[in-house]
Amino acid sequence: MPQTFYQQLLENNKKWVAETLNEDPDFFKKLAKGQKPPLLWIGCADSRVPANEIIGAVPGEVFVHRNIANMVVHTDMNMLSVLDYAVSVLKIKHIIVCGHYGCGGIHAAMGNNSFGLIDNWIRHIKDVYRFHRKELDDIKDEHKRFDRFVELNVMEQVFGLARTSIVQSAWNNNQELTVHGWVYGVDSGIVKDLEVNFSSNEQIEKAYQLNF
Ligand code: ZN
């Protein structure tokens with residue numbers, strides 16, 4: 001009987017366990033003791049942008065949150081819970097927001113088609129377009145405008161992270177924590193560092209600064 005795709009997944013798992021144990025017999029025993037990842041990754045749910053592979057990380061090295069278009073929506077309890085656990089308990093030192101060129105969520109936000117429930121999520125991305133309408137509308141080449149929109153969206157999510165009470169509280173406690181913005185090229189594998197690095201609440205606009 002031919003193996004189904006689903007059965008193949010379980011076979012793949014067995015093979016992976018065997019190969020991993022062959023290289024390091026204690027691999028899973030060490031992982032079972034706990035995690036101390038230095039990094040939180042906030043990325044797109046897109047299947048082409050796997051957090052670990054891109055940065056050559058092995059299990060235990062990166063705490064991951066993914067959603068459509070790598071958004072930091074400041075009322076999203078899922079994102080806030082991941083962020084708080086990563087910052088307050090795991091004491092991660094870096095947060096990377098990683099967007100990617102060719103992002104379907106960003107593309108949807110550039111147009112006016114309805115996609116159902118997801119329209120309400122995409123609306124957050126449309127807000128980013130509105131903030132940067134002048135710059136984006138001036139880019140006549142649609143492909144270049146799309147690329148720039150991806151970059152601007154990542155930057156806005158980095159700003160959003162820096163404004164959270166969680167990140168500001170960590171800085172207030174002199175915890176070492178830097179927020180970064182990246183864009184991944186699905187057609188090249190190369191990461192572009194947008195060099196928007198936040199490591200103190202003095203870098204954010206006054207209105208968002210919290211006194212503890
Ligand atoms: Zn995407």
# chains A, B, ... in the order shown; residues from 1 in each chain; ligands from 1
>>> closest_atom_pairs(of="chain A", to="ligand 1", cutoff="10 Å", atoms="only C-alpha atoms and all ligand atoms", output="tab-separated table")
residue	atom	partner	partner_atom_place_in_ligand_line	distance
A:Gly43	CA	ligand 1	1 (Zn)	8.0
A:Cys44	CA	ligand 1	1 (Zn)	4.7
A:Ala45	CA	ligand 1	1 (Zn)	6.3
A:Asp46	CA	ligand 1	1 (Zn)	5.0
A:Ser47	CA	ligand 1	1 (Zn)	8.6
A:Arg48	CA	ligand 1	1 (Zn)	8.6
A:Val49	CA	ligand 1	1 (Zn)	8.0
A:Arg66	CA	ligand 1	1 (Zn)	9.7
A:Asn67	CA	ligand 1	1 (Zn)	8.3
A:Ile68	CA	ligand 1	1 (Zn)	5.9
A:Ala69	CA	ligand 1	1 (Zn)	4.5
A:Asn70	CA	ligand 1	1 (Zn)	7.1
A:Met71	CA	ligand 1	1 (Zn)	9.9
A:Cys98	CA	ligand 1	1 (Zn)	9.5
A:Gly99	CA	ligand 1	1 (Zn)	6.6
A:His100	CA	ligand 1	1 (Zn)	6.1
A:Tyr101	CA	ligand 1	1 (Zn)	7.7
A:Gly102	CA	ligand 1	1 (Zn)	7.0
A:Cys103	CA	ligand 1	1 (Zn)	3.6
A:Gly104	CA	ligand 1	1 (Zn)	5.3
A:Gly105	CA	ligand 1	1 (Zn)	5.6
A:Ile106	CA	ligand 1	1 (Zn)	7.0
A:His107	CA	ligand 1	1 (Zn)	8.9
A:Val150	CA	ligand 1	1 (Zn)	9.0
A:Tyr184	CA	ligand 1	1 (Zn)	10.0
A:Val186	CA	ligand 1	1 (Zn)	9.9
>>> residues_around(residues="region 130-139 of chain A", least_positions_apart="4", cutoff="9 Å", atoms="only C-alpha atoms", output="list in words")
Ile125, Lys126, Lys144, Arg145, Phe146, Arg148, Phe149 and Leu152 of chain A
>>> atom_distance(atom1="CA of Thr20 (chain A)", atom2="CA of Glu53 (chain A)")
15.7 Å
>>> residues_around(residues="Gln203 (chain A)", least_positions_apart="2", cutoff="12 Å", atoms="only C-alpha atoms", output="ChimeraX atom specification")
/A:158-159,162-163,168,171,178-179,196-201,205-209
>>> closest_residue(among="A:Tyr85, A:Tyr6, A:Tyr129, A:Trp182", to="Val167 (chain A)", atoms="only C-alpha atoms")
A:Tyr85
>>> select_by_dssp(residues="chain A", states="helix (DSSP H, G or I)", output="ChimeraX atom specification")
/A:5-23,27-32,51-55,77-89,104-110,119-131,133-137,142-163,165-172,201-203,206-208
>>> select_by_dssp(residues="region 9-187 of chain A", states="strand (DSSP E)", output="ChimeraX atom specification")
/A:39-44,62-67,94-100,178-184
>>> write_last_selection(atoms="C-alpha atoms", output="compact mmCIF listing (two decimals), in the first residue's frame")
# COMPACT_ATOMS: atom_id res chain seq x y z
CA LEU A 39 16.18 34.94 21.31
CA LEU A 40 12.50 35.55 20.65
CA TRP A 41 11.51 35.38 16.99
CA ILE A 42 8.32 37.06 15.80
CA GLY A 43 7.79 36.00 12.22
CA CYS A 44 5.23 35.40 9.52
CA VAL A 62 14.89 30.25 19.65
CA PHE A 63 11.50 31.00 21.20
CA VAL A 64 9.01 31.53 18.40
CA HIS A 65 5.77 33.40 17.76
CA ARG A 66 4.35 33.48 14.26
CA ASN A 67 1.23 35.00 12.76
CA HIS A 94 17.10 39.77 21.63
CA ILE A 95 13.76 39.98 19.87
CA ILE A 96 13.78 39.77 16.10
CA VAL A 97 10.74 40.77 14.08
CA CYS A 98 11.30 39.03 10.76
CA GLY A 99 9.14 39.92 7.79
CA HIS A 100 9.70 38.67 4.27
CA THR A 178 17.37 44.67 22.15
CA VAL A 179 14.61 44.63 19.54
CA HIS A 180 15.61 44.22 15.89
CA GLY A 181 13.88 44.29 12.50
CA TRP A 182 14.74 41.93 9.64
CA VAL A 183 13.38 41.15 6.21
CA TYR A 184 13.98 37.73 4.67
>>> atom_distance(atom1="CA of Lys30 (chain A)", atom2="CA of Trp16 (chain A)")
16.6 Å
>>> closest_residue(among="A:Lys192, A:Arg123, A:Lys33, A:His74", to="Gly60 (chain A)", atoms="only C-alpha atoms")
A:Lys33
>>> closest_residue(among="A:Ser188, A:Ser88, A:Asn112, A:Asn13", to="Ser169 (chain A)", atoms="only C-alpha atoms")
A:Ser88
>>> decode(residues="region 41-116 of chain A", atoms="C-alpha atoms", output="PDB file, in the first residue's frame")
ATOM      1  CA  TRP A  41      11.508  35.382  16.993  1.00  0.00           C
ATOM      2  CA  ILE A  42       8.319  37.056  15.801  1.00  0.00           C
ATOM      3  CA  GLY A  43       7.791  35.996  12.218  1.00  0.00           C
ATOM      4  CA  CYS A  44       5.225  35.402   9.519  1.00  0.00           C
ATOM      5  CA  ALA A  45       3.219  32.170   9.465  1.00  0.00           C
ATOM      6  CA  ASP A  46       4.309  31.693   5.827  1.00  0.00           C
ATOM      7  CA  SER A  47       5.619  28.129   5.293  1.00  0.00           C
ATOM      8  CA  ARG A  48       8.681  29.473   3.478  1.00  0.00           C
ATOM      9  CA  VAL A  49      10.006  31.387   6.480  1.00  0.00           C
ATOM     10  CA  PRO A  50      10.968  28.812   9.142  1.00  0.00           C
ATOM     11  CA  ALA A  51      12.632  30.535  12.101  1.00  0.00           C
ATOM     12  CA  ASN A  52      15.196  27.896  13.040  1.00  0.00           C
ATOM     13  CA  GLU A  53      16.473  26.979   9.588  1.00  0.00           C
ATOM     14  CA  ILE A  54      17.063  30.568   8.461  1.00  0.00           C
ATOM     15  CA  ILE A  55      19.403  31.319  11.352  1.00  0.00           C
ATOM     16  CA  GLY A  56      20.883  27.843  11.688  1.00  0.00           C
ATOM     17  CA  ALA A  57      19.369  27.382  15.158  1.00  0.00           C
ATOM     18  CA  VAL A  58      18.857  24.002  16.774  1.00  0.00           C
ATOM     19  CA  PRO A  59      15.981  23.111  19.155  1.00  0.00           C
ATOM     20  CA  GLY A  60      16.314  25.111  22.373  1.00  0.00           C
ATOM     21  CA  GLU A  61      17.864  28.189  20.781  1.00  0.00           C
ATOM     22  CA  VAL A  62      14.888  30.250  19.649  1.00  0.00           C
ATOM     23  CA  PHE A  63      11.496  30.998  21.204  1.00  0.00           C
ATOM     24  CA  VAL A  64       9.013  31.533  18.402  1.00  0.00           C
ATOM     25  CA  HIS A  65       5.774  33.400  17.757  1.00  0.00           C
ATOM     26  CA  ARG A  66       4.354  33.481  14.259  1.00  0.00           C
ATOM     27  CA  ASN A  67       1.232  35.003  12.762  1.00  0.00           C
ATOM     28  CA  ILE A  68       0.135  36.413   9.438  1.00  0.00           C
ATOM     29  CA  ALA A  69       2.530  39.206   8.430  1.00  0.00           C
ATOM     30  CA  ASN A  70       4.552  39.107  11.698  1.00  0.00           C
ATOM     31  CA  MET A  71       2.318  41.587  13.456  1.00  0.00           C
ATOM     32  CA  VAL A  72       2.699  43.022  16.944  1.00  0.00           C
ATOM     33  CA  VAL A  73      -0.890  43.943  17.755  1.00  0.00           C
ATOM     34  CA  HIS A  74      -0.752  45.444  21.220  1.00  0.00           C
ATOM     35  CA  THR A  75      -4.052  43.902  22.358  1.00  0.00           C
ATOM     36  CA  ASP A  76      -3.185  40.408  21.058  1.00  0.00           C
ATOM     37  CA  MET A  77      -3.099  38.260  24.211  1.00  0.00           C
ATOM     38  CA  ASN A  78      -1.367  35.443  22.370  1.00  0.00           C
ATOM     39  CA  MET A  79       1.543  37.654  21.300  1.00  0.00           C
ATOM     40  CA  LEU A  80       1.659  39.444  24.687  1.00  0.00           C
ATOM     41  CA  SER A  81       1.752  36.125  26.559  1.00  0.00           C
ATOM     42  CA  VAL A  82       4.621  34.828  24.423  1.00  0.00           C
ATOM     43  CA  LEU A  83       6.439  38.151  24.795  1.00  0.00           C
ATOM     44  CA  ASP A  84       5.969  38.308  28.564  1.00  0.00           C
ATOM     45  CA  TYR A  85       7.126  34.735  29.100  1.00  0.00           C
ATOM     46  CA  ALA A  86      10.126  35.237  26.828  1.00  0.00           C
ATOM     47  CA  VAL A  87      11.178  38.534  28.422  1.00  0.00           C
ATOM     48  CA  SER A  88      10.162  38.141  32.065  1.00  0.00           C
ATOM     49  CA  VAL A  89      10.802  34.431  32.642  1.00  0.00           C
ATOM     50  CA  LEU A  90      13.242  33.229  29.982  1.00  0.00           C
ATOM     51  CA  LYS A  91      15.105  36.577  30.020  1.00  0.00           C
ATOM     52  CA  ILE A  92      15.811  36.463  26.304  1.00  0.00           C
ATOM     53  CA  LYS A  93      18.265  39.153  25.196  1.00  0.00           C
ATOM     54  CA  HIS A  94      17.100  39.770  21.633  1.00  0.00           C
ATOM     55  CA  ILE A  95      13.762  39.979  19.870  1.00  0.00           C
ATOM     56  CA  ILE A  96      13.784  39.773  16.102  1.00  0.00           C
ATOM     57  CA  VAL A  97      10.736  40.773  14.085  1.00  0.00           C
ATOM     58  CA  CYS A  98      11.302  39.034  10.760  1.00  0.00           C
ATOM     59  CA  GLY A  99       9.141  39.921   7.790  1.00  0.00           C
ATOM     60  CA  HIS A 100       9.702  38.674   4.268  1.00  0.00           C
ATOM     61  CA  TYR A 101       9.473  39.970   0.736  1.00  0.00           C
ATOM     62  CA  GLY A 102       6.493  38.570  -1.158  1.00  0.00           C
ATOM     63  CA  CYS A 103       4.373  38.410   2.006  1.00  0.00           C
ATOM     64  CA  GLY A 104       0.755  37.537   1.146  1.00  0.00           C
ATOM     65  CA  GLY A 105      -0.597  39.473   4.130  1.00  0.00           C
ATOM     66  CA  ILE A 106       1.190  42.634   3.070  1.00  0.00           C
ATOM     67  CA  HIS A 107       0.058  42.158  -0.531  1.00  0.00           C
ATOM     68  CA  ALA A 108      -3.546  41.772   0.613  1.00  0.00           C
ATOM     69  CA  ALA A 109      -3.235  45.023   2.580  1.00  0.00           C
ATOM     70  CA  MET A 110      -2.173  46.850  -0.601  1.00  0.00           C
ATOM     71  CA  GLY A 111      -5.405  45.926  -2.351  1.00  0.00           C
ATOM     72  CA  ASN A 112      -9.120  46.156  -1.713  1.00  0.00           C
ATOM     73  CA  ASN A 113     -10.260  42.561  -2.117  1.00  0.00           C
ATOM     74  CA  SER A 114     -12.103  40.971   0.785  1.00  0.00           C
ATOM     75  CA  PHE A 115     -10.731  37.652   2.049  1.00  0.00           C
ATOM     76  CA  GLY A 116     -13.273  37.108   4.820  1.00  0.00           C
TER      77      GLY A 116
END
